[in-house]
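query_12.cif (mmCIF, C-alpha atoms)
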data_my_file
loop_
_atom_site.label_atom_id
_atom_site.label_comp_id
_atom_site.auth_asym_id
_atom_site.auth_seq_id
_atom_site.Cartn_x
_atom_site.Cartn_y
_atom_site.Cartn_z
CA MET Q 2 -76.96 -59.65 128.57
CA ALA Q 3 -80.69 -60.21 129.10
CA ASN Q 4 -80.34 -63.96 128.71
CA ASP Q 5 -77.09 -64.41 130.55
CA ALA Q 6 -78.25 -67.38 132.65
CA LEU Q 7 -79.45 -69.18 129.53
CA PHE Q 8 -76.18 -68.40 127.72
CA GLN Q 9 -74.14 -69.71 130.67
CA THR Q 10 -76.26 -72.86 130.82
CA LEU Q 11 -75.75 -73.55 127.11
CA LEU Q 12 -72.00 -73.02 127.49
CA ARG Q 13 -71.95 -75.50 130.37
CA LEU Q 14 -73.73 -78.08 128.22
CA GLY Q 15 -71.69 -77.44 125.09
CA ASP Q 16 -68.33 -77.13 126.84
CA ASN Q 17 -68.84 -80.46 128.60
CA THR Q 18 -69.46 -82.23 125.31
CA LEU Q 19 -66.71 -80.29 123.51
CA VAL Q 20 -63.99 -80.92 126.08
CA LEU Q 21 -64.89 -84.58 126.61
CA GLY Q 22 -65.34 -85.06 122.86
CA HIS Q 23 -61.86 -83.67 122.23
CA ARG Q 24 -60.28 -85.75 125.01
CA VAL Q 25 -61.90 -88.94 123.71
CA SER Q 26 -60.81 -88.11 120.14
CA GLU Q 27 -57.20 -88.11 121.37
CA TRP Q 28 -57.50 -91.91 121.46
CA CYS Q 29 -58.05 -92.09 117.71
CA GLY Q 30 -55.35 -94.37 116.29
CA ARG Q 31 -53.99 -95.40 119.71
CA ALA Q 32 -56.65 -97.45 121.51
CA PRO Q 33 -55.62 -100.90 122.78
CA VAL Q 34 -57.68 -102.75 120.13
CA LEU Q 35 -59.23 -101.72 116.83
CA GLU Q 36 -62.85 -102.11 118.01
CA GLU Q 37 -62.23 -99.80 120.95
CA ASP Q 38 -60.50 -97.30 118.71
CA ILE Q 39 -63.60 -97.17 116.49
CA ALA Q 40 -65.95 -97.04 119.46
CA LEU Q 41 -64.06 -94.16 121.07
CA ALA Q 42 -63.91 -92.21 117.79
CA ASN Q 43 -67.66 -92.70 117.30
CA THR Q 44 -68.39 -91.56 120.85
CA ALA Q 45 -66.24 -88.46 120.30
CA LEU Q 46 -68.11 -87.76 117.07
CA ASP Q 47 -71.49 -87.87 118.82
CA LEU Q 48 -70.22 -85.51 121.51
CA ILE Q 49 -68.82 -83.03 118.98
CA GLY Q 50 -72.13 -83.16 117.08
CA GLN Q 51 -73.98 -82.32 120.28
CA THR Q 52 -71.51 -79.49 120.88
CA GLN Q 53 -72.41 -78.03 117.50
CA MET Q 54 -76.07 -77.85 118.57
CA TRP Q 55 -75.46 -76.47 122.09
CA LEU Q 56 -72.86 -73.89 121.14
CA GLY Q 57 -74.79 -72.98 118.00
CA TYR Q 58 -77.77 -72.10 120.17
CA ALA Q 59 -75.51 -70.37 122.75
CA ALA Q 60 -74.12 -68.13 120.00
CA GLU Q 61 -77.65 -67.23 118.87
CA VAL Q 62 -78.74 -66.43 122.42
CA GLU Q 63 -75.67 -64.27 122.94
CA GLY Q 64 -76.53 -62.31 119.79
CA GLU Q 65 -73.01 -60.95 119.23
CA GLY Q 66 -72.65 -62.49 115.79
CA ARG Q 67 -70.41 -65.31 116.99
CA SER Q 68 -70.79 -68.87 115.69
CA ALA Q 69 -70.42 -72.27 117.40
CA ASP Q 70 -66.94 -72.47 115.86
CA ASP Q 71 -66.00 -69.06 117.26
CA LEU Q 72 -67.03 -70.17 120.73
CA ALA Q 73 -65.14 -73.45 120.44
CA PHE Q 74 -61.95 -72.19 118.89
CA LEU Q 75 -61.55 -68.58 119.95
CA ARG Q 76 -62.34 -68.52 123.66
CA ASP Q 77 -59.60 -68.83 126.25
CA VAL Q 78 -59.52 -71.05 129.34
CA TRP Q 79 -61.37 -68.67 131.69
CA ASP Q 80 -64.39 -68.53 129.39
CA PHE Q 81 -64.91 -72.32 129.38
CA ARG Q 82 -67.70 -73.73 131.58
CA ASN Q 83 -67.06 -77.49 131.51
CA ILE Q 84 -66.70 -79.55 134.69
CA LEU Q 85 -63.11 -80.23 135.77
CA MET Q 86 -63.36 -84.02 135.49
CA LEU Q 87 -63.61 -83.81 131.69
CA GLU Q 88 -60.56 -81.65 131.07
CA ARG Q 89 -58.12 -83.89 132.91
CA PRO Q 90 -55.81 -85.90 130.66
CA ASN Q 91 -56.97 -89.32 129.49
CA GLY Q 92 -54.69 -91.43 131.68
CA ASP Q 93 -54.82 -95.10 130.75
CA PHE Q 94 -57.65 -96.80 128.87
CA GLY Q 95 -59.38 -97.86 132.10
CA TYR Q 96 -59.34 -94.30 133.43
CA THR Q 97 -60.82 -93.01 130.17
CA ILE Q 98 -63.62 -95.59 130.27
CA LEU Q 99 -64.41 -94.96 133.93
CA ARG Q 100 -64.55 -91.19 133.37
CA GLN Q 101 -66.85 -91.83 130.42
CA PHE Q 102 -69.08 -94.02 132.58
CA LEU Q 103 -69.36 -91.50 135.45
CA PHE Q 104 -70.21 -88.76 132.94
CA ASP Q 105 -72.55 -90.87 130.75
CA ALA Q 106 -74.65 -91.83 133.81
CA TYR Q 107 -75.00 -88.13 134.67
CA HIS Q 108 -75.43 -87.00 131.07
CA ARG Q 109 -78.30 -89.41 130.43
CA LEU Q 110 -80.21 -88.20 133.51
CA LEU Q 111 -79.52 -84.55 132.74
CA LEU Q 112 -80.61 -84.88 129.10
CA THR Q 113 -83.74 -86.79 130.11
CA GLY Q 114 -84.65 -83.83 132.33
CA LEU Q 115 -83.72 -81.29 129.65
CA ALA Q 116 -85.93 -83.05 127.11
CA GLN Q 117 -88.84 -81.71 129.22
CA SER Q 118 -87.45 -78.16 129.19
CA THR Q 119 -89.81 -75.19 128.78
CA ASP Q 120 -87.30 -73.96 126.17
CA PRO Q 121 -88.33 -75.86 123.02
CA ARG Q 122 -84.90 -75.64 121.42
CA ILE Q 123 -83.22 -77.14 124.49
CA ALA Q 124 -85.90 -79.84 124.63
CA GLU Q 125 -85.32 -80.92 121.03
CA ILE Q 126 -81.52 -80.95 121.29
CA ALA Q 127 -81.76 -82.98 124.51
CA ALA Q 128 -84.28 -85.44 123.02
CA LYS Q 129 -81.85 -86.06 120.17
CA SER Q 130 -78.76 -86.31 122.40
CA VAL Q 131 -80.24 -88.57 125.07
CA LYS Q 132 -80.51 -91.41 122.57
CA GLU Q 133 -76.78 -91.20 121.99
CA ALA Q 134 -75.97 -90.81 125.70
CA THR Q 135 -78.02 -93.91 126.49
CA TYR Q 136 -76.04 -95.88 123.93
CA HIS Q 137 -72.73 -94.54 125.29
CA LEU Q 138 -73.74 -95.52 128.83
CA GLU Q 139 -74.59 -99.06 127.77
CA ARG Q 140 -71.11 -99.52 126.44
CA SER Q 141 -69.15 -97.69 129.14
CA ALA Q 142 -71.01 -99.52 131.95
CA GLU Q 143 -70.39 -102.88 130.29
CA THR Q 144 -66.69 -102.11 129.87
CA VAL Q 145 -66.32 -100.87 133.46
CA VAL Q 146 -67.69 -104.22 134.68
CA ALA Q 147 -65.48 -106.20 132.31
CA LEU Q 148 -62.33 -104.38 133.46
CA GLY Q 149 -63.21 -103.98 137.15
CA ASP Q 150 -64.19 -107.63 137.46
CA GLY Q 151 -61.42 -108.72 135.09
CA THR Q 152 -57.82 -109.65 135.90
CA PRO Q 153 -56.03 -108.52 139.09
CA VAL Q 154 -54.13 -105.96 136.98
CA SER Q 155 -57.23 -104.49 135.28
CA HIS Q 156 -59.07 -104.45 138.64
CA GLU Q 157 -56.27 -102.52 140.30
CA LYS Q 158 -56.09 -100.01 137.46
CA MET Q 159 -59.84 -99.42 137.63
CA GLN Q 160 -59.74 -98.96 141.42
CA THR Q 161 -56.89 -96.46 141.07
CA ALA Q 162 -58.89 -94.61 138.39
CA LEU Q 163 -62.00 -94.51 140.58
CA ASP Q 164 -60.04 -93.14 143.55
CA LEU Q 165 -58.58 -90.42 141.30
CA LEU Q 166 -61.89 -89.50 139.66
CA TRP Q 167 -64.18 -89.56 142.69
CA PRO Q 168 -63.26 -86.05 143.98
CA TYR Q 169 -64.45 -84.69 140.61
CA VAL Q 170 -67.93 -86.23 140.86
CA GLY Q 171 -69.46 -83.64 143.20
CA GLU Q 172 -69.15 -80.77 140.71
CA MET Q 173 -71.81 -82.34 138.46
CA PHE Q 174 -74.43 -81.81 141.16
CA GLU Q 175 -73.43 -78.39 142.48
CA ALA Q 176 -75.67 -75.41 141.83
CA ASP Q 177 -75.31 -71.64 141.74
CA SER Q 178 -77.62 -68.72 140.93
CA VAL Q 179 -77.60 -69.63 137.22
CA ASP Q 180 -78.95 -73.11 138.00
CA ALA Q 181 -81.52 -71.69 140.40
CA GLU Q 182 -82.81 -69.29 137.75
CA MET Q 183 -82.99 -72.01 135.10
CA ALA Q 184 -84.76 -74.43 137.47
CA ALA Q 185 -87.27 -71.76 138.49
CA GLN Q 186 -88.12 -71.16 134.82
CA GLY Q 187 -88.37 -74.88 134.12
CA VAL Q 188 -85.54 -74.62 131.58
CA ALA Q 189 -83.24 -77.13 133.29
CA PRO Q 190 -83.54 -79.56 136.21
CA GLU Q 191 -81.84 -78.69 139.51
CA PRO Q 192 -78.47 -80.44 139.45
CA ALA Q 193 -78.93 -81.87 142.97
CA SER Q 194 -82.20 -83.51 141.92
CA LEU Q 195 -80.23 -85.89 139.66
CA ARG Q 196 -77.98 -87.18 142.42
CA ALA Q 197 -80.11 -89.94 143.95
CA ASP Q 198 -80.75 -91.68 140.62
CA TRP Q 199 -77.13 -91.25 139.62
CA ASP Q 200 -75.91 -92.74 142.90
CA ALA Q 201 -78.22 -95.71 142.59
CA SER Q 202 -77.26 -96.62 139.03
CA VAL Q 203 -73.55 -95.90 139.40
CA ARG Q 204 -73.30 -97.82 142.67
CA ALA Q 205 -75.00 -100.84 141.12
CA THR Q 206 -72.53 -100.94 138.22
CA LEU Q 207 -69.45 -100.28 140.37
CA THR Q 208 -70.50 -103.00 142.81
CA GLU Q 209 -70.93 -105.43 139.93
CA ALA Q 210 -67.47 -104.37 138.79
CA THR Q 211 -66.17 -105.33 142.29
CA LEU Q 212 -64.87 -101.79 142.80
CA ARG Q 213 -64.80 -100.06 146.19
CA ILE Q 214 -66.56 -96.69 146.16
CA PRO Q 215 -64.54 -94.03 148.00
CA GLU Q 216 -66.24 -92.60 151.07
CA ASP Q 217 -64.68 -89.15 150.91
CA THR Q 218 -67.17 -86.53 149.74
CA PHE Q 219 -64.64 -83.76 149.01
CA ALA Q 220 -65.35 -82.19 145.62
CA HIS Q 221 -63.09 -80.09 143.40
CA ASN Q 222 -65.04 -77.34 141.68
CA GLY Q 223 -64.75 -74.15 139.67
CA GLY Q 224 -64.97 -75.49 136.11
CA ARG Q 225 -68.66 -74.98 135.43
CA THR Q 226 -68.69 -71.53 137.05
CA GLY Q 227 -65.44 -70.55 135.35
CA ALA Q 228 -63.86 -69.60 138.72
CA ARG Q 229 -60.86 -71.87 138.15
CA HIS Q 230 -59.85 -74.57 135.72
CA THR Q 231 -56.99 -77.03 136.05
CA GLU Q 232 -53.74 -76.36 134.18
CA HIS Q 233 -54.68 -79.18 131.82
CA LEU Q 234 -57.38 -77.26 129.97
CA GLY Q 235 -54.88 -74.68 128.72
CA HIS Q 236 -52.67 -77.40 127.30
CA MET Q 237 -55.66 -79.04 125.64
CA LEU Q 238 -56.86 -75.79 124.06
CA THR Q 239 -53.36 -75.03 122.79
CA GLU Q 240 -53.60 -78.13 120.66
CA MET Q 241 -57.33 -77.99 119.85
CA GLN Q 242 -57.35 -74.33 118.84
CA TRP Q 243 -53.96 -74.17 117.17
CA LEU Q 244 -55.17 -74.09 113.58
CA GLN Q 245 -57.66 -71.25 114.08
CA ARG Q 246 -55.13 -69.30 116.13
CA ALA Q 247 -52.32 -69.70 113.60
CA TYR Q 248 -54.47 -69.28 110.49
CA PRO Q 249 -57.44 -67.12 111.54
CA GLY Q 250 -60.61 -67.89 109.58
CA ALA Q 251 -59.16 -70.97 107.86
CA ASN Q 252 -61.84 -73.32 106.59
CA TRP Q 253 -62.22 -76.20 104.15
CA MET V 5 -94.21 -74.92 86.22
CA LYS V 6 -93.77 -76.30 89.72
CA PRO V 7 -93.50 -80.10 89.94
CA ASP V 8 -95.79 -81.56 92.59
CA VAL V 9 -94.27 -82.78 95.86
CA GLN V 10 -95.02 -86.43 95.03
CA THR V 11 -92.76 -86.14 91.98
CA ILE V 12 -90.07 -84.52 94.11
CA TRP V 13 -90.26 -87.33 96.69
CA GLY V 14 -89.66 -89.71 93.76
CA TRP V 15 -86.55 -87.74 92.72
CA LEU V 16 -85.22 -87.73 96.26
CA ASP V 17 -85.75 -91.49 96.44
CA GLN V 18 -83.03 -91.72 93.79
CA VAL V 19 -80.46 -89.86 95.94
CA PRO V 20 -78.24 -92.53 97.54
CA ASP V 21 -77.06 -92.34 101.13
CA PRO V 22 -73.36 -91.42 100.78
CA GLU V 23 -72.15 -94.08 103.19
CA ILE V 24 -74.60 -96.89 102.37
CA PRO V 25 -75.33 -96.20 98.69
CA VAL V 26 -77.74 -99.14 98.26
CA ILE V 27 -80.45 -97.21 100.10
CA SER V 28 -81.78 -93.75 99.34
CA VAL V 29 -82.07 -90.81 101.68
CA VAL V 30 -85.85 -91.37 101.56
CA ASP V 31 -85.41 -95.06 102.55
CA LEU V 32 -83.30 -93.90 105.48
CA GLY V 33 -86.20 -91.78 106.72
CA ILE V 34 -84.22 -88.57 107.05
CA ILE V 35 -86.25 -86.53 104.56
CA ARG V 36 -89.01 -85.31 106.88
CA ASP V 37 -90.93 -82.91 104.72
CA VAL V 38 -91.12 -81.55 101.18
CA THR V 39 -93.28 -78.44 100.75
CA TRP V 40 -93.70 -75.49 98.46
CA ASP V 41 -93.52 -72.13 100.22
CA GLY V 42 -94.60 -69.89 97.36
CA ASP V 43 -91.91 -70.39 94.73
CA VAL V 44 -89.42 -71.82 97.20
CA LEU V 45 -89.12 -75.55 97.67
CA GLU V 46 -88.45 -76.36 101.30
CA VAL V 47 -86.93 -79.74 102.22
CA ALA V 48 -86.68 -80.67 105.90
CA ILE V 49 -83.87 -83.08 106.71
CA THR V 50 -83.12 -84.66 110.09
CA PRO V 51 -79.66 -85.96 111.06
CA THR V 52 -79.29 -89.65 111.96
CA TYR V 53 -76.65 -89.04 114.64
CA SER V 54 -75.82 -85.53 115.75
CA GLY V 55 -72.17 -85.94 114.80
CA CYS V 56 -72.70 -87.89 111.60
CA PRO V 57 -70.12 -86.53 109.14
CA ALA V 58 -72.35 -87.54 106.21
CA THR V 59 -74.96 -84.90 107.08
CA SER V 60 -73.34 -82.08 105.12
CA ILE V 61 -72.71 -84.37 102.13
CA ILE V 62 -76.37 -85.45 102.20
CA ASN V 63 -77.49 -81.81 102.12
CA LEU V 64 -75.20 -81.17 99.18
CA ASP V 65 -76.40 -84.29 97.33
CA VAL V 66 -80.07 -83.38 97.85
CA GLU V 67 -79.49 -79.86 96.61
CA THR V 68 -77.51 -81.07 93.58
CA ALA V 69 -80.20 -83.62 92.66
CA LEU V 70 -82.91 -80.96 92.77
CA ARG V 71 -80.84 -78.48 90.76
CA ASP V 72 -80.20 -81.16 88.15
CA ARG V 73 -83.99 -81.37 87.75
CA GLY V 74 -84.14 -77.66 87.09
CA LEU V 75 -85.17 -76.41 90.53
CA THR V 76 -83.26 -73.34 91.65
CA ASN V 77 -85.24 -71.92 94.55
CA ILE V 78 -84.42 -74.46 97.24
CA ARG V 79 -84.28 -74.08 101.00
CA LEU V 80 -82.90 -76.93 103.12
CA LYS V 81 -83.99 -76.96 106.72
CA THR V 82 -82.57 -79.05 109.57
CA LYS V 83 -85.35 -80.55 111.64
CA LEU V 84 -84.27 -82.02 114.99
CA SER V 85 -87.63 -82.90 116.45
CA PRO V 86 -88.93 -85.55 116.65
CA PRO V 87 -85.48 -87.16 116.68
CA TRP V 88 -84.65 -89.68 113.98
CA THR V 89 -85.40 -93.30 114.77
CA THR V 90 -84.60 -96.48 112.87
CA ASP V 91 -88.38 -97.09 112.82
CA TRP V 92 -88.42 -94.64 109.91
CA LEU V 93 -86.28 -96.89 107.74
CA SER V 94 -88.53 -98.09 104.91
CA ALA V 95 -89.32 -101.79 104.38
CA LYS V 96 -87.72 -101.47 100.93
CA GLY V 97 -84.62 -99.98 102.62
CA ALA V 98 -84.44 -102.79 105.20
CA ALA V 99 -84.62 -105.45 102.47
CA LYS V 100 -81.89 -103.70 100.44
CA LEU V 101 -79.65 -103.43 103.48
CA GLU V 102 -79.85 -107.15 104.13
CA GLU V 103 -79.20 -107.97 100.50
CA TYR V 104 -76.11 -105.72 100.69
CA GLY V 105 -74.81 -107.61 103.76
CA ILE V 106 -75.90 -105.23 106.53
CA ALA V 107 -78.37 -106.67 109.05
CA PRO V 108 -81.32 -104.28 109.33
CA PRO V 109 -82.35 -102.85 112.71
CA SER V 110 -84.47 -105.09 114.86
CA PRO V 111 -86.49 -104.12 117.96
CA ALA V 112 -84.82 -106.96 119.87
CA GLY V 113 -81.70 -104.77 119.98
CA GLY V 114 -79.54 -107.08 117.87
CA PRO V 115 -79.63 -108.58 114.37
CA SER V 116 -82.22 -111.32 113.91
CA ARG V 117 -80.06 -113.36 111.52
CA CYS V 118 -76.81 -113.38 109.59
CA PRO V 119 -77.33 -111.42 106.35
CA ARG V 120 -75.18 -113.97 104.47
CA CYS V 121 -76.21 -117.43 105.70
CA GLN V 122 -79.36 -116.62 107.77
CA SER V 123 -77.95 -118.37 110.86
CA THR V 124 -79.22 -117.09 114.19
CA ASP V 125 -76.04 -118.10 116.03
CA LEU V 126 -74.49 -114.63 116.33
CA GLU V 127 -72.22 -112.65 118.63
CA LYS V 128 -71.59 -108.96 119.11
CA VAL V 129 -68.01 -107.87 118.46
CA SER V 130 -68.42 -104.18 119.26
CA GLN V 131 -71.22 -101.74 119.86
CA PHE V 132 -69.76 -99.46 117.20
CA GLY V 133 -68.99 -100.29 113.58
CA SER V 134 -67.70 -98.54 110.49
CA THR V 135 -70.15 -95.61 110.77
CA PRO V 136 -72.01 -94.10 113.74
CA CYS V 137 -75.23 -95.88 112.74
CA LYS V 138 -73.80 -99.40 112.76
CA ALA V 139 -72.52 -102.01 115.23
CA HIS V 140 -70.08 -104.81 114.52
CA TRP V 141 -71.30 -108.42 114.77
CA ARG V 142 -70.06 -111.87 113.75
CA CYS V 143 -71.87 -115.00 112.58
CA LEU V 144 -70.78 -118.11 114.49
CA SER V 145 -71.99 -120.44 111.72
CA CYS V 146 -70.31 -119.00 108.62
CA LEU V 147 -67.79 -117.05 110.76
CA GLU V 148 -68.20 -113.91 108.65
CA PRO V 149 -68.18 -110.55 110.38
CA PHE V 150 -70.99 -108.19 109.39
CA ASP V 151 -72.41 -104.77 110.14
CA TYR V 152 -75.67 -104.38 112.02
CA PHE V 153 -77.69 -101.20 111.53
CA LYS V 154 -78.27 -100.39 115.17
CA CYS V 155 -81.63 -99.54 116.60
CA ILE V 156 -82.24 -96.10 118.07
#
If you convert what's in this file into structure tokens, what do you get?
Amino acid sequence: MANDALFQTLLRLGDNTLVLGHRVSEWCGRAPVLEEDIALANTALDLIGQTQMWLGYAAEVEGEGRSADDLAFLRDVWDFRNILMLERPNGDFGYTILRQFLFDAYHRLLLTGLAQSTDPRIAEIAAKSVKEATYHLERSAETVVALGDGTPVSHEKMQTALDLLWPYVGEMFEADSVDAEMAAQGVAPEPASLRADWDASVRATLTEATLRIPEDTFAHNGGRTGARHTEHLGHMLTEMQWLQRAYPGANW
Amino acid sequence: MKPDVQTIWGWLDQVPDPEIPVISVVDLGIIRDVTWDGDVLEVAITPTYSGCPATSIINLDVETALRDRGLTNIRLKTKLSPPWTTDWLSAKGAAKLEEYGIAPPSPAGGPSRCPRCQSTDLEKVSQFGSTPCKAHWRCLSCLEPFDYFKCI
């Protein structure tokens, strides 16, 4: 495909929001308090809305007659391009919020960069989405501080979550030939260029939350290149795609 | 005969927002453009939030309202840029929201007063309310909870 790098980039953007949006939606009806239930469902809704725009554009770029829905519901694990951190199961509420925070901080910086893209369609989708990401970050950062600097039990749960999530942070800033091509064309910022700002803002919040930042820099990877996903994505897709698989073409 | 766009704006101002029916889709600032392209009427609509489930209903309501006025050649266009902002909410819309019990958006980032008793002693309950465009607040004077139309 002539525009393969652009297609891959749009899948990476849309698969991140789709997979995280689906994971967050799994909390609907089960969050610890009603307000959090509503907040999580609203966050999921924003992410799924963004997915519609990214995958809609991806399908157009691909030019094979597929739609955003086809890409979401009819691809198998190896065709997904989301980062591994987002496909892991939700864990407890603290883990979900901390994952959201680590991603929101990255997402806001990435979308801010993408809003300056030389591709006008990417720029307008990013300009729309960054408003939502900024709002999500406000809430997730506030909640991370409340739980991290909360009771001994909530603090311990947040520290455990941070230790589990940290090895998945590095993948957000890794780059391959697709990223290099997009950066050279001014379509997307270089992932590594976002790291310093991310580190500064995330460290400030985690310190306020009295959490200890792991020193290990080991990073799991393979999700955004499609080289390898965790076993969890397959289980998630089994549930998410069930209706379209069992009743092809169903709509309402 | 083609009605002029000013007349059509007036018709659209009678189409209620499906989730907050006291204000119209024009009050909400999501109708971005109404133009004649030959014999085709083009209406540009921008979503409030990208995942707002009301978007498809709004498109349907706009189309139905125009068909009811006898227009058949209609093209609805989604316009993402510039992104919707609460600054586009009309003054008439803001007043109607408050009268309805929803605090209108305020640049300070929170409601300026309780829509029921006008007290300024308020607290935020949650950043998200009953729809994506609202947050949940409470008045500490009359103790009533209320929705705040959040600022973006």
Quick check: residues of chain V within 9 Å of chain Q, only C-alpha atoms, returned as a VMD selection string.
chain V and resid 53 to 57 84 to 88 129 to 136 140 156
At what distance in Å, to one decimal, does atom CA of Q:Leu87 lie from atom CA of Q:Thr18?
8.8 Å
Which residues match the PyMOL selection byres ((chain V and resi 79) around 8) in the file above, as a JSON list (two decimals) with C-alpha atoms, in the coordinates of the input?
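Writing done, so here's expr-v3.json:
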[["chain", "number", "residue", "atom", "x", "y", "z"],
["V", 44, "VAL", "CA", -89.42, -71.82, 97.20],
["V", 45, "LEU", "CA", -89.12, -75.55, 97.67],
["V", 46, "GLU", "CA", -88.45, -76.36, 101.30],
["V", 47, "VAL", "CA", -86.93, -79.74, 102.22],
["V", 77, "ASN", "CA", -85.24, -71.92, 94.55],
["V", 78, "ILE", "CA", -84.42, -74.46, 97.24],
["V", 80, "LEU", "CA", -82.90, -76.93, 103.12],
["V", 81, "LYS", "CA", -83.99, -76.96, 106.72]]
Find the residues near V:Thr50: any atom within 6 Å, counting all atoms listed in the file, skip ones fewer than 6 places away on the same chain, and give them as a PyMOL selection string.
chain V and resi 34+82-84
Using all atoms listed in the file, I'd like a table of the residues in stretch 64-115 of chain V that come within 8 Å of stretch 142-150 of chain V; for each, show the closest atom pair and its distance in Å rounded to one decimal, ordered by chain and ascending number, as JSON lines.
{"residue": "V:Gly105", "atom": "CA", "partner": "V:Phe150", "partner_atom": "CA", "distance": 6.8}
{"residue": "V:Ile106", "atom": "CA", "partner": "V:Phe150", "partner_atom": "CA", "distance": 6.4}
{"residue": "V:Ala107", "atom": "CA", "partner": "V:Phe150", "partner_atom": "CA", "distance": 7.5}
Expected file: the selected residues, C-alpha atoms, as a compact mmCIF listing (two decimals), in the frame of the given file:
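In the end it all went to part04.txt:
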# COMPACT_ATOMS: atom_id res chain seq x y z
CA GLY V 105 -74.81 -107.61 103.76
CA ILE V 106 -75.90 -105.23 106.53
CA ALA V 107 -78.37 -106.67 109.05
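What the PyMOL selection byres ((chain Q and resi 143-150) around 8) grabs from this file is Gly95, Ile98, Leu99, Phe102, Glu139, Arg140, Ser141, Ala142, Gly151, Thr152, Ser155, His156, Glu157, Met159, Gln160, Thr206, Leu207, Glu209, Ala210, Thr211 and Leu212 of chain Q.
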Once the PyMOL selection byres ((chain Q and resi 164-169) around 6) has been evaluated on this model, what residues remain selected, and can you format them as a ChimeraX atom specification?
/Q:86,161-163,170-171,219-221
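The spacing separating atom CA of V:Cys118 from atom CA of V:Val30 amounts to 25.1 Å.
Using all atoms listed in the file for every distance, the candidate list Q:Asp5, Q:Glu182, Q:Asp177, Q:Glu88 yields Q:Asp5 as the residue closest to Q:Ala60.
Around the point (-80.4, -97.5, 94.4), within 9 Å and counting all atoms listed in the file, we find these residues: Asp17, Gln18, Val19, Pro20, Pro25, Val26, Ile27, Ser28 and Lys100 of chain V.
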Calculated over all atoms listed in the file, which of the candidates V:Ser123, V:Thr89, V:Ser116, V:Thr68 has the smallest distance to V:Leu16?
V:Thr68
